[in-house]
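S.K.: Submitted below is the structure of interest, expressed as structure tokens.
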Amino acid sequence: MFERSVMQGLRACTRAALCAILSCVTPAAIAADPSPQQAEVQAAIEAARNAAQDGPRDVPLGQQAVLKLPEGFAYIPVAEARRFMTAMGNPTGDDFLGLVVGEGLNGFVSVRFEASGYVKDDDARSWDAAELLKNLQEGTEAGNEERRRRGIPEFVVSGWVEKPAYDAATHRLVWSASLRNKQQQPGEDQGVNYNTYVLGREGYLSLNLVTDMGAVEAEKPLARDLLAAVSFNDGKRYADFNASTDKVAEYGLAALVGGIAAKKLGLLAAIGVALAKFWKLIAIAAIALGAGARKYLGRKNAQADNQAQTDSQA
């Protein structure tokens with residue numbers, strides 16, 4: 001009953017306001033199926049909505065960089081984003097820096113900084129896309145053993161959505177693989193991670209879009225816009241590397257497409273549209289449909305500003 005009520009509500013929702021999303025996950029629907037899991041999903045969505053910061057604004061990414069968040073996007077800070085991810089069954093580590101949602105995004109962007117050290121990019125000149133795909137497939141299959149143990153759906157990498165491309169001038173890497181749930185039924189949505197990275201002196205930032213196959217082509221330009229909006233702070237840029245003092249990563253750029261990527265790929269997919277458990281689909285749809293809506297967030301921010309001004313005059 002909870003599933004039917006929420007899905008009927010979701011079909012009526014638009015991207016115009018996140019407040020409409022909360023009306024989809026109604027108290028009556030929760031009461032009909034008041035499990036702690038579903039209640040936490042709703043609470044996490046509401047917390048994310050209340051904390052969302054509308055662009056344009058500068059968003060500090062730890063001590064490393066700044067994201068010049070464009071208009072039409074919203075940033076969910078670490079605490080609320082972590083709560084949302086945990087409710088979705090994917091606890092985050094210390095490298096997690098929050099989530100970005102937007103009016104044109106069907107999914108969301110997970111932001112991380114990996115303090116790997118300086119990643120050499122020499123291998124990008126000679127890498128083989130077919131070999132990288134094979135490594136990714138093998139790594140994903142190896143990771144399925146852990147996913148089975150944790151009760152997370154197993155995944156298969158079926159091919160490239162976008163072959164790996166590295167821009168040596170900007171130190172940006174983009175690639176995307178097609179993911180399929182091993183238990184996926186015909187007609188079910190197919191998950192996609194559209195992975196974008198930018199290298200720095202002490203590691204790399206990743207902005208990974210979690211979405212579905214039907215939406216990824218339209219969302220690629222938005223993901224690239226976000227990547228281009230990231231700039232490392234002075235002293236943290238790739239060009240600031242000092243070979244005599246700085247740590248060098250134990251792997252090269254190809255590892256961000258192959259083995260290392262495979263370890264994280266399935267976990268991100270596990271909170272994406274490929275999941276069979278309806279409550280996770282609901283939460284994905286809710287956060288994606290509304291959290292980046294400028295009209296609502298703009299009103300919320302304006303109301304807060306007005307309240308602050310009233311308080312200061314009191």
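Here's how to read the names in the structure tokens: chain A, B, ... by the order shown, residue numbers from 1 in each chain, ligand numbers from 1 in the order shown.
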Enumerate the residues of range 27-265 of chain A with a DSSP assignment of strand (DSSP E), computed from the backbone, and present them as a ChimeraX atom specification.
M.R.: /A:53-54,57-61,65-69,73-76,96-102,108-114,155-167,172-181,191-199,204-212,230-232
S.K.: Near Tyr251 in chain A, counting only C-alpha atoms, which residues have an atom at most 10 Å away, once you skip same-chain residues fewer than 5 positions from it, shown as a list in words?
M.R.: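 With the cut-off at 10 Å, the set is Ser116, Gly117, Tyr118, Val119, Lys120, Asp121, Leu256 and Ile260 of chain A.
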S.K.: Need to verify the contact set: Leu179 in chain A, 7 Å, only C-alpha atoms, exclusion of same-chain residues closer than 3 positions in sequence. Can you return it as a count of residues only?
M.R.: 7
S.K.: To one decimal place, how far is CA of Asn181 in chain A from CA of Leu226 in chain A in Å?
M.R.: 27.8 Å
S.K.: Restricting the calculation to only C-alpha atoms, which member of A:Ala255, A:Leu136, A:Ala115, A:Arg150 is positioned closest to Gln63 in chain A?
M.R.: A:Ala115
S.K.: Find, counting only C-alpha atoms, the residue in A:Glu114, A:Asp225, A:Val257, A:Ser244 that gets nearest to Gln137 in chain A.
M.R.: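 Closest to Gln137 in chain A of all the choices is A:Val257.
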S.K.: Rank nothing, just name the residue among A:Glu162, A:Phe108, A:Lys68, A:Glu202 nearest to Ala223 in chain A, using only C-alpha atoms.
M.R.: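 Looking at the shortest contact to Ala223 in chain A, the residue is A:Phe108.
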S.K.: List the neighbours of Glu154 in chain A out to 9 Å using only C-alpha atoms; skip same-chain residues closer than 2 positions along the sequence, and give me the result as JSON, numbers by chain.
M.R.: {"A": [140, 141, 143, 144, 145, 147, 148, 151, 152, 156, 180, 181, 182, 183, 266, 270]}
S.K.: Write out, as a PDB file, in the first residue's frame, the residues just selected, with N, CA and C atoms.
M.R.:
```
ATOM      1  N   THR A 140      34.416  -5.581 -11.407  1.00  0.00           N
ATOM      2  CA  THR A 140      33.027  -5.550 -10.953  1.00  0.00           C
ATOM      3  C   THR A 140      32.551  -6.944 -10.573  1.00  0.00           C
ATOM      4  N   GLU A 141      32.921  -7.926 -11.364  1.00  0.00           N
ATOM      5  CA  GLU A 141      32.530  -9.308 -11.062  1.00  0.00           C
ATOM      6  C   GLU A 141      33.183  -9.777  -9.766  1.00  0.00           C
ATOM      7  N   GLY A 143      33.922  -7.902  -7.308  1.00  0.00           N
ATOM      8  CA  GLY A 143      33.229  -7.203  -6.232  1.00  0.00           C
ATOM      9  C   GLY A 143      31.855  -7.760  -5.934  1.00  0.00           C
ATOM     10  N   ASN A 144      31.322  -8.560  -6.839  1.00  0.00           N
ATOM     11  CA  ASN A 144      29.995  -9.138  -6.611  1.00  0.00           C
ATOM     12  C   ASN A 144      29.979 -10.084  -5.415  1.00  0.00           C
ATOM     13  N   GLU A 145      31.106 -10.668  -5.115  1.00  0.00           N
ATOM     14  CA  GLU A 145      31.156 -11.556  -3.953  1.00  0.00           C
ATOM     15  C   GLU A 145      30.844 -10.782  -2.669  1.00  0.00           C
ATOM     16  N   ARG A 147      29.221  -7.910  -2.579  1.00  0.00           N
ATOM     17  CA  ARG A 147      27.845  -7.437  -2.659  1.00  0.00           C
ATOM     18  C   ARG A 147      26.862  -8.542  -2.271  1.00  0.00           C
ATOM     19  N   ARG A 148      27.161  -9.787  -2.661  1.00  0.00           N
ATOM     20  CA  ARG A 148      26.313 -10.905  -2.243  1.00  0.00           C
ATOM     21  C   ARG A 148      26.292 -11.016  -0.728  1.00  0.00           C
ATOM     22  N   GLY A 151      24.117  -8.395   0.793  1.00  0.00           N
ATOM     23  CA  GLY A 151      22.739  -8.343   0.333  1.00  0.00           C
ATOM     24  C   GLY A 151      22.469  -7.251  -0.671  1.00  0.00           C
ATOM     25  N   ILE A 152      23.527  -6.754  -1.324  1.00  0.00           N
ATOM     26  CA  ILE A 152      23.403  -5.722  -2.348  1.00  0.00           C
ATOM     27  C   ILE A 152      23.299  -6.400  -3.711  1.00  0.00           C
ATOM     28  N   VAL A 156      26.568  -6.246 -13.612  1.00  0.00           N
ATOM     29  CA  VAL A 156      27.388  -6.606 -14.763  1.00  0.00           C
ATOM     30  C   VAL A 156      27.649  -5.326 -15.558  1.00  0.00           C
ATOM     31  N   ARG A 180      24.161  -3.277 -15.480  1.00  0.00           N
ATOM     32  CA  ARG A 180      22.918  -4.041 -15.471  1.00  0.00           C
ATOM     33  C   ARG A 180      22.867  -4.891 -14.214  1.00  0.00           C
ATOM     34  N   ASN A 181      21.760  -4.814 -13.517  1.00  0.00           N
ATOM     35  CA  ASN A 181      21.515  -5.684 -12.378  1.00  0.00           C
ATOM     36  C   ASN A 181      21.399  -7.123 -12.885  1.00  0.00           C
ATOM     37  N   LYS A 182      22.117  -8.041 -12.268  1.00  0.00           N
ATOM     38  CA  LYS A 182      22.067  -9.430 -12.722  1.00  0.00           C
ATOM     39  C   LYS A 182      20.663 -10.010 -12.642  1.00  0.00           C
ATOM     40  N   GLN A 183      19.872  -9.515 -11.707  1.00  0.00           N
ATOM     41  CA  GLN A 183      18.502 -10.008 -11.548  1.00  0.00           C
ATOM     42  C   GLN A 183      17.483  -9.113 -12.267  1.00  0.00           C
ATOM     43  N   GLY A 266      29.820  -0.485  -8.240  1.00  0.00           N
ATOM     44  CA  GLY A 266      28.644  -1.233  -7.844  1.00  0.00           C
ATOM     45  C   GLY A 266      27.929  -0.620  -6.658  1.00  0.00           C
ATOM     46  N   ALA A 270      24.191   0.651  -6.614  1.00  0.00           N
ATOM     47  CA  ALA A 270      23.254   0.043  -5.671  1.00  0.00           C
ATOM     48  C   ALA A 270      22.279   1.053  -5.097  1.00  0.00           C
TER      49      ALA A 270
END
```
